[in-house]
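See structure below.
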Amino acid sequence: MNRTALILYTGSGCHLCEQARAVAGPVAAQAGWPLAEVSITGNAELTAAYGVRIPVLRTPDGRELGWPFSAGKVRRWLQAMG
């Protein structure tokens with residue numbers, strides 16, 4: 001299935017972001033979703049929106065899942081999109 005990528009918002013030196021990538025990446029791939037990592041570092045707009053919230057997963061339609069999340073939670077979140 002060819003889908004638009006999920007976005008994983010991250011930041012420089014964010015150890016939680018590394019954990020989120022390790023959890024979300026395999027689940028997204030298994031569900032047929034490419035995962036695009038976007039760093040908020042150096043982007044004032046993204047930093048204002050996500051600075052204290054990263055890591056955050058975002059779907060193309062704007063749904064968001066904030067950390068902490070487990071593989072099961074990501075799987076259920078993706079399944080809810082249909």
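Residues are named by chain letter and number: chains run A, B, ... in the order of the structure tokens, numbers start at 1 in each chain, and ligands are numbered from 1 in the order shown.
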
To test your reading of the structure, identify every residue in chain A that backbone DSSP assigns to strand (DSSP E or B), and report it as a PyMOL selection string. chain A and resi 6-10+35-39+56-58+64-66

Compile the contact shell of Gln79 in chain A as a PyMOL selection string: residues with an atom at most 12 Å away, counting only C-alpha atoms, same-chain residues fewer than 2 positions apart removed. chain A and resi 27-28+30-33+72-77+81-82

Residues of the last selection are to be written out with C-alpha atoms, as an mmCIF file, in the first residue's frame.
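Output saved as selection29.cif:
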data_model
loop_
_atom_site.group_PDB
_atom_site.id
_atom_site.type_symbol
_atom_site.label_atom_id
_atom_site.label_comp_id
_atom_site.auth_asym_id
_atom_site.auth_seq_id
_atom_site.Cartn_x
_atom_site.Cartn_y
_atom_site.Cartn_z
ATOM 1 C CA VAL A 27 5.121 -0.541 13.533
ATOM 2 C CA ALA A 28 4.647 2.087 10.820
ATOM 3 C CA GLN A 30 4.568 -3.111 9.130
ATOM 4 C CA ALA A 31 1.350 -1.129 8.593
ATOM 5 C CA GLY A 32 2.610 0.224 5.248
ATOM 6 C CA TRP A 33 3.352 3.762 6.423
ATOM 7 C CA GLY A 72 0.669 -1.398 20.685
ATOM 8 C CA LYS A 73 -0.565 2.163 21.080
ATOM 9 C CA VAL A 74 0.943 3.190 17.723
ATOM 10 C CA ARG A 75 -0.588 0.108 16.077
ATOM 11 C CA ARG A 76 -4.076 0.898 17.467
ATOM 12 C CA TRP A 77 -3.710 4.566 16.500
ATOM 13 C CA MET A 81 -7.411 5.545 10.632
ATOM 14 C CA GLY A 82 -8.686 2.608 8.615
#

Name the residues in contact with range 41-58 of chain A at a cut-off of 12 Å, using only C-alpha atoms, excluding same-chain residues fewer than 5 positions from it; report them as a ChimeraX atom specification. /A:4-25,28,33-36,63-69,73-74,77-78

As a PyMOL selection string, which residues of range 47-77 of chain A does DSSP assign to helix (DSSP H, G or I)? chain A and resi 47-50+71-77
